[in-house]
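Structure file entry_21.cif (mmCIF, C-alpha atoms and all ligand atoms) follows.
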data_query
#
loop_
_atom_site.group_PDB
_atom_site.id
_atom_site.type_symbol
_atom_site.label_atom_id
_atom_site.label_comp_id
_atom_site.auth_asym_id
_atom_site.auth_seq_id
_atom_site.Cartn_x
_atom_site.Cartn_y
_atom_site.Cartn_z
ATOM 1 C CA MET D 975 93.201 120.632 62.691
ATOM 2 C CA THR D 976 93.326 118.616 65.881
ATOM 3 C CA LYS D 977 96.566 116.810 66.576
ATOM 4 C CA TRP D 978 95.907 113.331 67.937
ATOM 5 C CA TYR D 979 98.210 111.550 70.370
ATOM 6 C CA GLY D 980 98.097 107.845 71.100
ATOM 7 C CA ALA D 981 98.878 106.130 74.395
ATOM 8 C CA ILE D 982 99.252 102.498 75.397
ATOM 9 C CA GLU D 983 99.441 101.349 78.976
ATOM 10 C CA ALA D 984 100.505 97.768 78.409
ATOM 11 C CA GLY D 985 99.812 95.542 81.389
ATOM 12 C CA GLY D 986 100.005 91.821 81.972
ATOM 13 C CA THR D 987 96.224 91.440 82.065
ATOM 14 C CA LYS D 988 95.071 94.301 79.866
ATOM 15 C CA PHE D 989 96.219 96.971 77.456
ATOM 16 C CA VAL D 990 94.581 100.352 77.888
ATOM 17 C CA CYS D 991 94.788 102.446 74.728
ATOM 18 C CA ALA D 992 93.705 106.058 74.459
ATOM 19 C CA VAL D 993 93.723 108.911 71.994
ATOM 20 C CA SER D 994 93.734 112.518 73.122
ATOM 21 C CA ASP D 995 94.039 115.994 71.702
ATOM 22 C CA GLU D 996 96.759 118.502 72.630
ATOM 23 C CA ALA D 997 94.861 119.542 75.748
ATOM 24 C CA LEU D 998 95.007 115.930 76.987
ATOM 25 C CA GLU D 999 91.257 115.663 76.525
ATOM 26 C CA ILE D 1000 90.654 111.955 75.920
ATOM 27 C CA LYS D 1001 88.689 111.410 72.728
ATOM 28 C CA GLU D 1002 88.415 107.629 72.993
ATOM 29 C CA ARG D 1003 89.843 104.799 75.050
ATOM 30 C CA VAL D 1004 89.624 101.023 74.972
ATOM 31 C CA SER D 1005 90.700 98.146 77.161
ATOM 32 C CA ILE D 1006 92.085 95.108 75.365
ATOM 33 C CA PRO D 1007 92.776 91.818 77.150
ATOM 34 C CA THR D 1008 96.451 90.795 77.011
ATOM 35 C CA GLU D 1009 96.567 87.623 74.931
ATOM 36 C CA ASN D 1010 99.423 86.599 72.648
ATOM 37 C CA PRO D 1011 101.342 89.521 71.095
ATOM 38 C CA GLU D 1012 99.901 89.081 67.586
ATOM 39 C CA THR D 1013 96.256 89.131 68.695
ATOM 40 C CA THR D 1014 96.767 91.932 71.176
ATOM 41 C CA ILE D 1015 98.738 94.189 68.856
ATOM 42 C CA GLN D 1016 96.196 93.651 66.071
ATOM 43 C CA ALA D 1017 93.473 94.955 68.401
ATOM 44 C CA VAL D 1018 95.708 97.941 69.209
ATOM 45 C CA PHE D 1019 96.107 98.605 65.470
ATOM 46 C CA ASP D 1020 92.352 98.323 64.904
ATOM 47 C CA PHE D 1021 91.864 101.048 67.485
ATOM 48 C CA PHE D 1022 94.646 103.442 66.424
ATOM 49 C CA ASP D 1023 94.018 102.976 62.678
ATOM 50 C CA GLN D 1024 90.997 105.244 63.067
ATOM 51 C CA TYR D 1025 93.254 108.239 63.762
ATOM 52 C CA ALA D 1026 96.084 110.039 62.009
ATOM 53 C CA LEU D 1027 98.326 109.962 65.071
ATOM 54 C CA HIS D 1028 101.057 112.517 65.619
ATOM 55 C CA SER D 1029 102.993 110.306 68.029
ATOM 56 C CA ILE D 1030 102.518 107.448 70.492
ATOM 57 C CA GLY D 1031 103.553 106.996 74.131
ATOM 58 C CA VAL D 1032 103.933 103.489 75.543
ATOM 59 C CA GLY D 1033 104.274 102.491 79.179
ATOM 60 C CA SER D 1034 104.840 98.764 79.257
ATOM 61 C CA PHE D 1035 105.044 95.914 81.738
ATOM 62 C CA GLY D 1036 108.610 94.757 81.967
ATOM 63 C CA PRO D 1037 111.290 93.993 81.904
ATOM 64 C CA ILE D 1038 111.755 95.916 78.678
ATOM 65 C CA ASP D 1039 114.743 97.220 76.764
ATOM 66 C CA VAL D 1040 114.804 101.026 77.053
ATOM 67 C CA ASN D 1041 118.410 101.516 76.015
ATOM 68 C CA PRO D 1042 118.432 103.403 72.678
ATOM 69 C CA THR D 1043 121.885 102.054 71.808
ATOM 70 C CA SER D 1044 120.825 98.439 72.254
ATOM 71 C CA LYS D 1045 119.961 96.106 69.372
ATOM 72 C CA THR D 1046 116.882 95.004 71.209
ATOM 73 C CA TYR D 1047 115.653 98.508 72.083
ATOM 74 C CA GLY D 1048 111.866 98.469 72.263
ATOM 75 C CA HIS D 1049 111.618 94.743 72.940
ATOM 76 C CA ILE D 1050 110.017 92.926 75.860
ATOM 77 C CA MET D 1051 112.734 91.008 77.709
ATOM 78 C CA ALA D 1052 112.622 87.813 79.806
ATOM 79 C CA THR D 1053 109.028 87.364 80.917
ATOM 80 C CA PRO D 1054 106.963 84.365 81.939
ATOM 81 C CA LYS D 1055 104.043 85.732 79.873
ATOM 82 C CA PRO D 1056 103.653 83.234 77.016
ATOM 83 C CA GLY D 1057 104.802 84.586 73.648
ATOM 84 C CA TRP D 1058 105.890 88.005 74.860
ATOM 85 C CA GLU D 1059 109.563 87.424 75.493
ATOM 86 C CA GLY D 1060 111.565 89.064 72.712
ATOM 87 C CA PHE D 1061 108.512 90.778 71.198
ATOM 88 C CA ASP D 1062 109.586 93.902 69.297
ATOM 89 C CA PHE D 1063 106.876 96.195 70.615
ATOM 90 C CA VAL D 1064 108.262 99.522 69.376
ATOM 91 C CA GLY D 1065 109.223 97.964 66.040
ATOM 92 C CA ALA D 1066 105.673 96.731 65.467
ATOM 93 C CA LEU D 1067 104.254 100.199 66.160
ATOM 94 C CA LYS D 1068 106.891 101.973 64.057
ATOM 95 C CA ASN D 1069 106.256 99.698 61.071
ATOM 96 C CA ARG D 1070 102.582 100.483 61.187
ATOM 97 C CA TYR D 1071 102.533 104.192 61.996
ATOM 98 C CA HIS D 1072 105.881 105.803 61.123
ATOM 99 C CA VAL D 1073 105.523 108.342 63.943
ATOM 100 C CA PRO D 1074 107.690 109.168 66.979
ATOM 101 C CA ILE D 1075 107.244 106.686 69.816
ATOM 102 C CA ALA D 1076 108.023 107.279 73.479
ATOM 103 C CA TRP D 1077 108.826 104.046 75.271
ATOM 104 C CA THR D 1078 109.281 103.409 78.971
ATOM 105 C CA THR D 1079 107.956 101.252 81.791
ATOM 106 C CA ASP D 1080 104.347 101.400 82.964
ATOM 107 C CA VAL D 1081 105.521 102.717 86.335
ATOM 108 C CA ASN D 1082 107.831 105.368 84.863
ATOM 109 C CA ALA D 1083 104.878 106.564 82.778
ATOM 110 C CA ALA D 1084 102.690 106.611 85.896
ATOM 111 C CA ALA D 1085 105.302 108.634 87.786
ATOM 112 C CA TYR D 1086 105.401 111.081 84.884
ATOM 113 C CA GLY D 1087 101.612 111.400 84.798
ATOM 114 C CA GLU D 1088 101.462 111.959 88.548
ATOM 115 C CA LEU D 1089 104.210 114.593 88.394
ATOM 116 C CA HIS D 1090 102.436 116.680 85.786
ATOM 117 C CA ARG D 1091 98.774 116.076 86.532
ATOM 118 C CA GLY D 1092 98.477 114.195 89.788
ATOM 119 C CA ALA D 1093 99.810 113.963 93.312
ATOM 120 C CA ALA D 1094 103.315 115.278 92.541
ATOM 121 C CA GLN D 1095 102.320 118.440 90.689
ATOM 122 C CA GLY D 1096 104.632 121.330 91.444
ATOM 123 C CA THR D 1097 107.629 119.058 92.023
ATOM 124 C CA ASN D 1098 110.499 118.026 89.790
ATOM 125 C CA SER D 1099 110.935 114.527 91.136
ATOM 126 C CA CYS D 1100 108.795 111.710 92.431
ATOM 127 C CA ILE D 1101 108.605 107.972 92.794
ATOM 128 C CA TYR D 1102 105.550 105.965 91.835
ATOM 129 C CA LEU D 1103 105.380 102.551 93.460
ATOM 130 C CA THR D 1104 102.645 100.067 92.672
ATOM 131 C CA ILE D 1105 101.924 97.236 95.070
ATOM 132 C CA GLY D 1106 99.658 94.828 93.240
ATOM 133 C CA THR D 1107 100.297 91.465 91.615
ATOM 134 C CA GLY D 1108 103.935 92.510 91.805
ATOM 135 C CA VAL D 1109 105.788 95.520 93.139
ATOM 136 C CA GLY D 1110 107.165 97.991 90.614
ATOM 137 C CA GLY D 1111 108.567 101.455 90.907
ATOM 138 C CA GLY D 1112 109.205 104.266 88.478
ATOM 139 C CA ALA D 1113 110.739 107.655 89.039
ATOM 140 C CA VAL D 1114 110.997 111.113 87.605
ATOM 141 C CA VAL D 1115 114.233 112.921 88.418
ATOM 142 C CA ASN D 1116 114.844 116.524 87.328
ATOM 143 C CA GLY D 1117 111.664 116.297 85.283
ATOM 144 C CA GLN D 1118 112.752 113.213 83.313
ATOM 145 C CA VAL D 1119 111.808 109.579 83.735
ATOM 146 C CA LEU D 1120 114.654 107.669 85.313
ATOM 147 C CA GLU D 1121 116.473 105.223 83.054
ATOM 148 C CA GLY D 1122 120.068 104.069 82.884
ATOM 149 C CA PHE D 1123 121.493 101.052 81.050
ATOM 150 C CA SER D 1124 117.985 99.761 81.752
ATOM 151 C CA HIS D 1125 115.122 100.827 83.989
ATOM 152 C CA PRO D 1126 114.738 100.725 87.767
ATOM 153 C CA GLU D 1127 113.448 97.503 89.342
ATOM 154 C CA MET D 1128 112.482 98.928 92.704
ATOM 155 C CA GLY D 1129 110.320 95.983 93.691
ATOM 156 C CA HIS D 1130 113.250 93.606 93.960
ATOM 157 C CA ILE D 1131 115.409 95.206 96.619
ATOM 158 C CA GLN D 1132 116.542 93.046 99.528
ATOM 159 C CA LEU D 1133 115.255 93.890 102.972
ATOM 160 C CA LYS D 1134 116.091 93.257 106.582
ATOM 161 C CA ARG D 1135 113.615 90.640 107.804
ATOM 162 C CA LEU D 1136 111.425 90.998 110.855
ATOM 163 C CA GLU D 1137 112.820 88.561 113.401
ATOM 164 C CA ASN D 1138 109.575 86.680 113.930
ATOM 165 C CA ASP D 1139 108.644 86.516 110.248
ATOM 166 C CA THR D 1140 109.032 82.977 108.945
ATOM 167 C CA TYR D 1141 107.222 83.493 105.629
ATOM 168 C CA GLN D 1142 109.607 82.420 102.860
ATOM 169 C CA GLY D 1143 108.489 84.997 100.292
ATOM 170 C CA LYS D 1144 107.111 84.611 96.798
ATOM 171 C CA CYS D 1145 109.541 86.137 94.288
ATOM 172 C CA PRO D 1146 110.654 83.423 91.846
ATOM 173 C CA TYR D 1147 114.105 85.058 91.618
ATOM 174 C CA HIS D 1148 114.862 86.256 95.164
ATOM 175 C CA SER D 1149 112.164 84.740 97.419
ATOM 176 C CA ASP D 1150 112.050 87.484 100.021
ATOM 177 C CA CYS D 1151 112.747 90.712 98.186
ATOM 178 C CA LEU D 1152 110.203 93.519 98.699
ATOM 179 C CA GLU D 1153 107.885 92.089 96.032
ATOM 180 C CA GLY D 1154 108.263 88.591 97.454
ATOM 181 C CA LEU D 1155 107.240 89.823 100.885
ATOM 182 C CA VAL D 1156 104.440 92.322 100.267
ATOM 183 C CA ALA D 1157 102.821 91.965 96.817
ATOM 184 C CA GLY D 1158 99.203 90.793 96.644
ATOM 185 C CA PRO D 1159 100.023 87.093 96.146
ATOM 186 C CA ALA D 1160 102.373 87.124 99.175
ATOM 187 C CA LEU D 1161 99.705 88.807 101.260
ATOM 188 C CA GLY D 1162 97.306 86.093 100.104
ATOM 189 C CA GLU D 1163 99.718 83.311 101.075
ATOM 190 C CA ARG D 1164 100.492 84.829 104.458
ATOM 191 C CA THR D 1165 96.843 85.065 105.436
ATOM 192 C CA GLY D 1166 95.094 82.414 103.370
ATOM 193 C CA LYS D 1167 92.688 84.958 101.878
ATOM 194 C CA PRO D 1168 92.667 87.673 99.232
ATOM 195 C CA GLY D 1169 94.001 91.040 100.363
ATOM 196 C CA ALA D 1170 90.619 92.712 99.990
ATOM 197 C CA GLU D 1171 89.110 90.320 102.564
ATOM 198 C CA ILE D 1172 91.653 90.704 105.361
ATOM 199 C CA GLU D 1173 90.363 92.456 108.497
ATOM 200 C CA LYS D 1174 91.718 95.937 109.147
ATOM 201 C CA ASP D 1175 93.020 94.902 112.580
ATOM 202 C CA ASP D 1176 94.946 91.872 111.275
ATOM 203 C CA ALA D 1177 98.602 91.967 112.388
ATOM 204 C CA VAL D 1178 99.681 91.332 108.799
ATOM 205 C CA TRP D 1179 99.165 95.027 107.983
ATOM 206 C CA GLU D 1180 101.902 96.016 110.458
ATOM 207 C CA THR D 1181 104.199 93.549 108.724
ATOM 208 C CA GLN D 1182 103.277 94.960 105.321
ATOM 209 C CA ALA D 1183 103.830 98.515 106.546
ATOM 210 C CA TYR D 1184 107.229 97.658 108.017
ATOM 211 C CA TYR D 1185 108.586 96.206 104.765
ATOM 212 C CA ILE D 1186 107.028 98.833 102.511
ATOM 213 C CA ALA D 1187 108.402 101.603 104.765
ATOM 214 C CA GLN D 1188 111.828 99.981 104.654
ATOM 215 C CA GLY D 1189 111.684 100.068 100.858
ATOM 216 C CA LEU D 1190 110.613 103.704 100.863
ATOM 217 C CA MET D 1191 113.441 104.536 103.214
ATOM 218 C CA ALA D 1192 115.960 102.994 100.807
ATOM 219 C CA TYR D 1193 114.501 104.938 97.867
ATOM 220 C CA THR D 1194 114.579 108.122 99.946
ATOM 221 C CA LEU D 1195 118.211 107.624 100.871
ATOM 222 C CA VAL D 1196 119.245 106.937 97.274
ATOM 223 C CA LEU D 1197 117.082 109.318 95.245
ATOM 224 C CA SER D 1198 115.745 111.959 97.605
ATOM 225 C CA PRO D 1199 112.498 112.343 95.652
ATOM 226 C CA GLU D 1200 110.182 115.190 96.538
ATOM 227 C CA ARG D 1201 107.208 112.836 96.809
ATOM 228 C CA ILE D 1202 106.468 109.121 96.926
ATOM 229 C CA ILE D 1203 103.168 107.974 95.463
ATOM 230 C CA LEU D 1204 101.766 104.563 96.317
ATOM 231 C CA GLY D 1205 99.265 102.804 94.063
ATOM 232 C CA GLY D 1206 98.160 99.300 93.079
ATOM 233 C CA GLY D 1207 95.520 96.951 94.463
ATOM 234 C CA VAL D 1208 97.092 96.422 97.881
ATOM 235 C CA MET D 1209 97.270 100.187 98.490
ATOM 236 C CA LYS D 1210 93.480 100.364 98.175
ATOM 237 C CA GLN D 1211 93.794 99.612 101.898
ATOM 238 C CA ALA D 1212 93.879 103.278 102.881
ATOM 239 C CA HIS D 1213 94.634 102.409 106.518
ATOM 240 C CA LEU D 1214 98.075 101.255 105.357
ATOM 241 C CA PHE D 1215 99.181 104.844 104.738
ATOM 242 C CA PRO D 1216 99.380 105.947 108.386
ATOM 243 C CA LEU D 1217 100.995 102.614 109.320
ATOM 244 C CA ILE D 1218 103.622 103.039 106.600
ATOM 245 C CA ARG D 1219 104.355 106.649 107.608
ATOM 246 C CA GLU D 1220 104.705 105.660 111.251
ATOM 247 C CA SER D 1221 107.066 102.806 110.464
ATOM 248 C CA PHE D 1222 109.039 104.985 108.030
ATOM 249 C CA LYS D 1223 109.511 107.599 110.755
ATOM 250 C CA LYS D 1224 110.703 104.973 113.214
ATOM 251 C CA GLN D 1225 113.116 103.301 110.814
ATOM 252 C CA MET D 1226 114.518 106.574 109.456
ATOM 253 C CA ALA D 1227 115.172 107.617 113.066
ATOM 254 C CA ASP D 1228 115.280 111.311 112.168
ATOM 255 C CA TYR D 1229 118.384 110.832 110.044
ATOM 256 C CA VAL D 1230 116.972 112.449 106.895
ATOM 257 C CA VAL D 1231 114.555 115.291 107.427
ATOM 258 C CA THR D 1232 111.952 114.519 104.783
ATOM 259 C CA PRO D 1233 108.997 116.680 103.849
ATOM 260 C CA ASP D 1234 106.075 116.237 106.253
ATOM 261 C CA LEU D 1235 105.179 112.553 105.877
ATOM 262 C CA GLU D 1236 101.507 113.319 105.141
ATOM 263 C CA ASP D 1237 102.721 115.165 102.039
ATOM 264 C CA TYR D 1238 105.605 112.840 101.290
ATOM 265 C CA ILE D 1239 104.042 109.361 101.227
ATOM 266 C CA VAL D 1240 100.758 109.812 99.433
ATOM 267 C CA PRO D 1241 98.087 108.004 97.396
ATOM 268 C CA THR D 1242 97.784 108.568 93.642
ATOM 269 C CA GLY D 1243 96.175 111.768 92.457
ATOM 270 C CA LEU D 1244 94.954 110.213 89.217
ATOM 271 C CA GLY D 1245 93.700 106.846 90.499
ATOM 272 C CA ASP D 1246 93.785 104.320 87.658
ATOM 273 C CA ASN D 1247 94.715 107.014 85.139
ATOM 274 C CA SER D 1248 98.309 107.755 86.196
ATOM 275 C CA GLY D 1249 99.814 105.469 83.571
ATOM 276 C CA ILE D 1250 97.698 106.435 80.583
ATOM 277 C CA THR D 1251 98.082 110.141 81.413
ATOM 278 C CA GLY D 1252 101.854 109.770 81.585
ATOM 279 C CA CYS D 1253 101.864 107.902 78.252
ATOM 280 C CA LEU D 1254 99.929 110.736 76.591
ATOM 281 C CA LEU D 1255 102.289 113.357 78.011
ATOM 282 C CA LEU D 1256 105.300 111.355 76.870
ATOM 283 C CA ALA D 1257 103.722 110.980 73.418
ATOM 284 C CA MET D 1258 103.400 114.756 73.163
ATOM 285 C CA GLU D 1259 107.108 115.130 73.821
ATOM 286 C CA ALA D 1260 108.250 112.239 71.624
ATOM 287 C CA LYS D 1261 110.580 113.104 68.781
HETATM 288 P P1 LIG Y 1 98.069 94.468 88.726
HETATM 289 O O1 LIG Y 1 99.202 94.560 89.690
HETATM 290 O O2 LIG Y 1 97.919 93.108 88.148
HETATM 291 O O3 LIG Y 1 98.067 95.554 87.716
HETATM 292 P P2 LIG Y 1 96.381 95.379 90.909
HETATM 293 O O4 LIG Y 1 97.215 96.579 91.130
HETATM 294 O O5 LIG Y 1 94.901 95.556 90.950
HETATM 295 O O6 LIG Y 1 96.693 94.686 89.524
HETATM 296 O O7 LIG Y 1 96.804 94.320 91.997
HETATM 297 C C1 LIG Y 1 96.180 93.091 92.145
HETATM 298 C C2 LIG Y 1 96.589 92.509 93.492
HETATM 299 O O8 LIG Y 1 96.160 93.392 94.526
HETATM 300 C C3 LIG Y 1 95.983 91.163 93.793
HETATM 301 O O9 LIG Y 1 96.979 90.332 94.355
HETATM 302 C C4 LIG Y 1 94.881 91.461 94.796
HETATM 303 O O10 LIG Y 1 94.704 90.418 95.722
HETATM 304 C C5 LIG Y 1 95.383 92.705 95.498
HETATM 305 N N1 LIG Y 1 94.267 93.562 95.896
HETATM 306 C C6 LIG Y 1 93.303 94.063 95.089
HETATM 307 N N2 LIG Y 1 92.418 94.804 95.785
HETATM 308 C C7 LIG Y 1 92.847 94.778 97.073
HETATM 309 C C8 LIG Y 1 92.397 95.365 98.284
HETATM 310 N N3 LIG Y 1 91.283 96.113 98.331
HETATM 311 N N4 LIG Y 1 93.103 95.126 99.401
HETATM 312 C C9 LIG Y 1 94.227 94.381 99.377
HETATM 313 N N5 LIG Y 1 94.697 93.794 98.282
HETATM 314 C C10 LIG Y 1 94.036 93.983 97.138
HETATM 315 ZN ZN ZN Y 2 112.530 89.709 93.535
#

As structure tokens, what does this structure read like?
Amino acid sequence: MTKWYGAIEAGGTKFVCAVSDEALEIKERVSIPTENPETTIQAVFDFFDQYALHSIGVGSFGPIDVNPTSKTYGHIMATPKPGWEGFDFVGALKNRYHVPIAWTTDVNAAAYGELHRGAAQGTNSCIYLTIGTGVGGGAVVNGQVLEGFSHPEMGHIQLKRLENDTYQGKCPYHSDCLEGLVAGPALGERTGKPGAEIEKDDAVWETQAYYIAQGLMAYTLVLSPERIILGGGVMKQAHLFPLIRESFKKQMADYVVTPDLEDYIVPTGLGDNSGITGCLLLAMEAK
């Protein structure tokens, strides 16, 4: 009999749910708009109720509580998304399905998917950074997703500013952290147009590359991952990759000898499927 595994990639705009067999062959997937928790989770139930699931893997937008010793393990934490703060996500799934549930951030799940099936195959460690509506990073270290008392928040590190950069930044908490300086909305504010419409020769791309490279340098110095994978809407600008590598090389100043930058700072191998793939893999290992 086929064993079915469930996966949820829970994002701020949509939930992608999938069911696969043991070979990771996807049997069915759906995309559900993120509304209030009750409506959204009911649609998730309607989908999964069709299967006798063996386990479920969830990669969620955050911040979330991933600490198994915490009273609020499995909950969504402080979020501006109406109704979601304090939602007991894992609890709702457990009550319905009584199966093992893997629970981590969307970006940790994506890093895990990329490590096993995507651009970081053959390694034991990688970082997955998405640069989209926000900036978020996940990591796999020694084959395991990286969590501590909580989960990494790589998008919110502080950076050294370019001297001539007067843009105040857009993070509601820190103004000019990495997310505040380079996420899609910041790019939009800097230029007055959506990222997708900015000319390739616009000077803003050098600015983007400088800050992103500075972030990658910090991650490299702290975690020494074998590969860094960049995804998200803003990274659809493929010409950013060489700019980021060049700036990274300059800023690192030959201090750490990284793998060849072409193989070190790379696009996703799974495109939009990194997260859901990671969730399925985590489901298979859930106990
Ligand atoms: P989310 O982060 O919400 O999951 P995305 O990763 O698609 O979604 O990121 C959306 C952001 O990326 C928006 O701010 C959008 O302006 C920006 N974006 C989308 N496509 C492009 C593109 N081709 N070039 C630059 N920016 C883009
Ligand atoms: Zn911030």

Residues within 12 Å of ligand ZN 2 (chain Y), counting all atoms listed in the file, as a PDB file with C-alpha atoms, in the coordinates of the input:
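The resulting result37.pdb:
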ATOM      1  CA  GLY D1108     103.935  92.510  91.805  1.00  0.00           C
ATOM      2  CA  VAL D1109     105.788  95.520  93.139  1.00  0.00           C
ATOM      3  CA  GLY D1110     107.165  97.991  90.614  1.00  0.00           C
ATOM      4  CA  GLU D1127     113.448  97.503  89.342  1.00  0.00           C
ATOM      5  CA  MET D1128     112.482  98.928  92.704  1.00  0.00           C
ATOM      6  CA  GLY D1129     110.320  95.983  93.691  1.00  0.00           C
ATOM      7  CA  HIS D1130     113.250  93.606  93.960  1.00  0.00           C
ATOM      8  CA  ILE D1131     115.409  95.206  96.619  1.00  0.00           C
ATOM      9  CA  GLN D1132     116.542  93.046  99.528  1.00  0.00           C
ATOM     10  CA  LEU D1133     115.255  93.890 102.972  1.00  0.00           C
ATOM     11  CA  GLY D1143     108.489  84.997 100.292  1.00  0.00           C
ATOM     12  CA  LYS D1144     107.111  84.611  96.798  1.00  0.00           C
ATOM     13  CA  CYS D1145     109.541  86.137  94.288  1.00  0.00           C
ATOM     14  CA  PRO D1146     110.654  83.423  91.846  1.00  0.00           C
ATOM     15  CA  TYR D1147     114.105  85.058  91.618  1.00  0.00           C
ATOM     16  CA  HIS D1148     114.862  86.256  95.164  1.00  0.00           C
ATOM     17  CA  SER D1149     112.164  84.740  97.419  1.00  0.00           C
ATOM     18  CA  ASP D1150     112.050  87.484 100.021  1.00  0.00           C
ATOM     19  CA  CYS D1151     112.747  90.712  98.186  1.00  0.00           C
ATOM     20  CA  LEU D1152     110.203  93.519  98.699  1.00  0.00           C
ATOM     21  CA  GLU D1153     107.885  92.089  96.032  1.00  0.00           C
ATOM     22  CA  GLY D1154     108.263  88.591  97.454  1.00  0.00           C
ATOM     23  CA  LEU D1155     107.240  89.823 100.885  1.00  0.00           C
ATOM     24  CA  VAL D1156     104.440  92.322 100.267  1.00  0.00           C
ATOM     25  CA  ALA D1157     102.821  91.965  96.817  1.00  0.00           C
ATOM     26  CA  ALA D1160     102.373  87.124  99.175  1.00  0.00           C
TER      27      ALA D1160
END

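The closest residue to D:Ala1113, picked from D:Pro1199, D:Gly985, D:Gly1206, D:Gly1092 and counting only C-alpha atoms, is D:Pro1199.
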
For stretch 1074-1087 of chain D, work out the shell of residues within 7 Å, counting only C-alpha atoms and skipping chain neighbours fewer than 3 positions away, then give it as a VMD selection string. chain D and resid 983 to 984 1029 to 1036 1040 1090 to 1092 1100 to 1102 1110 to 1114 1119 1248 to 1249 1251 to 1253 1256 to 1257 1260 to 1261

Quick one: apply the PyMOL selection byres (((chain D and resi 1023) around 12) and not hetatm) to the file and drop the selected residues here as a count of residues only. 18

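What separates atom CA of D:Pro1042 from atom CA of D:Phe1123 is a distance of 9.2 Å.
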
Cut-off 10 Å, only C-alpha atoms and all ligand atoms, neighbours of ligand LIG 1 (chain Y) as a PyMOL selection string: chain D and resi 984-988+1035+1080+1104-1110+1156-1162+1167-1174+1179+1205-1212+1214+1246

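If you look at atom CA of D:Ile1250 and atom CA of D:Lys977, they are 17.5 Å away from each other.
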
Please compute the atom CA of D:Asp1175-atom CA of D:Gly1189 distance, one decimal, in Å. 22.6 Å

Given all atoms listed in the file as the counted atoms, nearest of D:Leu1136, D:Met1258, D:Val1004, D:Leu1089 to D:Gly1117: D:Leu1089

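Between D:Val990 and the candidates D:Gln1182, D:Asn1247, D:Asn1010, D:Gln1188, the tightest atom-to-atom separation, counting all atoms listed in the file, involves D:Asn1247.
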
Which residue gives the smallest distance to D:Tyr1238 among D:Val1178, D:Ala1094, D:Ile1186, D:Val1196, with all atoms listed in the file counted? D:Ala1094

Please return stretch 1146-1150 of chain D, rebuilt to all heavy atoms, as a PDB file, keeping the file's coordinate frame.
ATOM      1  N   PRO D1146     109.992  84.592  92.440  1.00  0.00           N
ATOM      2  CA  PRO D1146     110.654  83.423  91.846  1.00  0.00           C
ATOM      3  C   PRO D1146     112.170  83.600  91.704  1.00  0.00           C
ATOM      4  O   PRO D1146     112.891  82.615  91.566  1.00  0.00           O
ATOM      5  CB  PRO D1146     109.994  83.298  90.464  1.00  0.00           C
ATOM      6  CG  PRO D1146     109.313  84.605  90.202  1.00  0.00           C
ATOM      7  CD  PRO D1146     109.030  85.237  91.536  1.00  0.00           C
ATOM      8  N   TYR D1147     112.657  84.819  91.747  1.00  0.00           N
ATOM      9  CA  TYR D1147     114.105  85.058  91.618  1.00  0.00           C
ATOM     10  C   TYR D1147     114.803  85.170  92.975  1.00  0.00           C
ATOM     11  O   TYR D1147     115.892  84.670  93.166  1.00  0.00           O
ATOM     12  CB  TYR D1147     114.371  86.354  90.830  1.00  0.00           C
ATOM     13  CG  TYR D1147     113.891  86.285  89.402  1.00  0.00           C
ATOM     14  CD1 TYR D1147     112.605  86.706  89.063  1.00  0.00           C
ATOM     15  CD2 TYR D1147     114.710  85.778  88.398  1.00  0.00           C
ATOM     16  CE1 TYR D1147     112.160  86.646  87.745  1.00  0.00           C
ATOM     17  CE2 TYR D1147     114.271  85.713  87.084  1.00  0.00           C
ATOM     18  CZ  TYR D1147     112.993  86.140  86.769  1.00  0.00           C
ATOM     19  OH  TYR D1147     112.553  86.071  85.477  1.00  0.00           O
ATOM     20  N   HIS D1148     114.169  85.918  93.915  1.00  0.00           N
ATOM     21  CA  HIS D1148     114.862  86.256  95.164  1.00  0.00           C
ATOM     22  C   HIS D1148     114.126  85.813  96.421  1.00  0.00           C
ATOM     23  O   HIS D1148     114.553  86.142  97.527  1.00  0.00           O
ATOM     24  CB  HIS D1148     115.059  87.775  95.269  1.00  0.00           C
ATOM     25  CG  HIS D1148     115.398  88.437  93.967  1.00  0.00           C
ATOM     26  ND1 HIS D1148     114.541  89.254  93.276  1.00  0.00           N
ATOM     27  CD2 HIS D1148     116.530  88.372  93.221  1.00  0.00           C
ATOM     28  CE1 HIS D1148     115.105  89.679  92.160  1.00  0.00           C
ATOM     29  NE2 HIS D1148     116.311  89.159  92.095  1.00  0.00           N
ATOM     30  N   SER D1149     113.037  85.113  96.284  1.00  0.00           N
ATOM     31  CA  SER D1149     112.164  84.740  97.419  1.00  0.00           C
ATOM     32  C   SER D1149     111.689  85.961  98.199  1.00  0.00           C
ATOM     33  O   SER D1149     110.598  86.443  97.974  1.00  0.00           O
ATOM     34  CB  SER D1149     112.837  83.760  98.378  1.00  0.00           C
ATOM     35  OG  SER D1149     113.147  82.586  97.693  1.00  0.00           O
ATOM     36  N   ASP D1150     112.568  86.484  99.086  1.00  0.00           N
ATOM     37  CA  ASP D1150     112.050  87.484 100.021  1.00  0.00           C
ATOM     38  C   ASP D1150     112.532  88.904  99.762  1.00  0.00           C
ATOM     39  O   ASP D1150     112.870  89.637 100.677  1.00  0.00           O
ATOM     40  CB  ASP D1150     112.317  87.062 101.467  1.00  0.00           C
ATOM     41  CG  ASP D1150     113.809  86.898 101.762  1.00  0.00           C
ATOM     42  OD1 ASP D1150     114.627  87.013 100.827  1.00  0.00           O
ATOM     43  OD2 ASP D1150     114.142  86.665 102.932  1.00  0.00           O
TER      44      ASP D1150
END
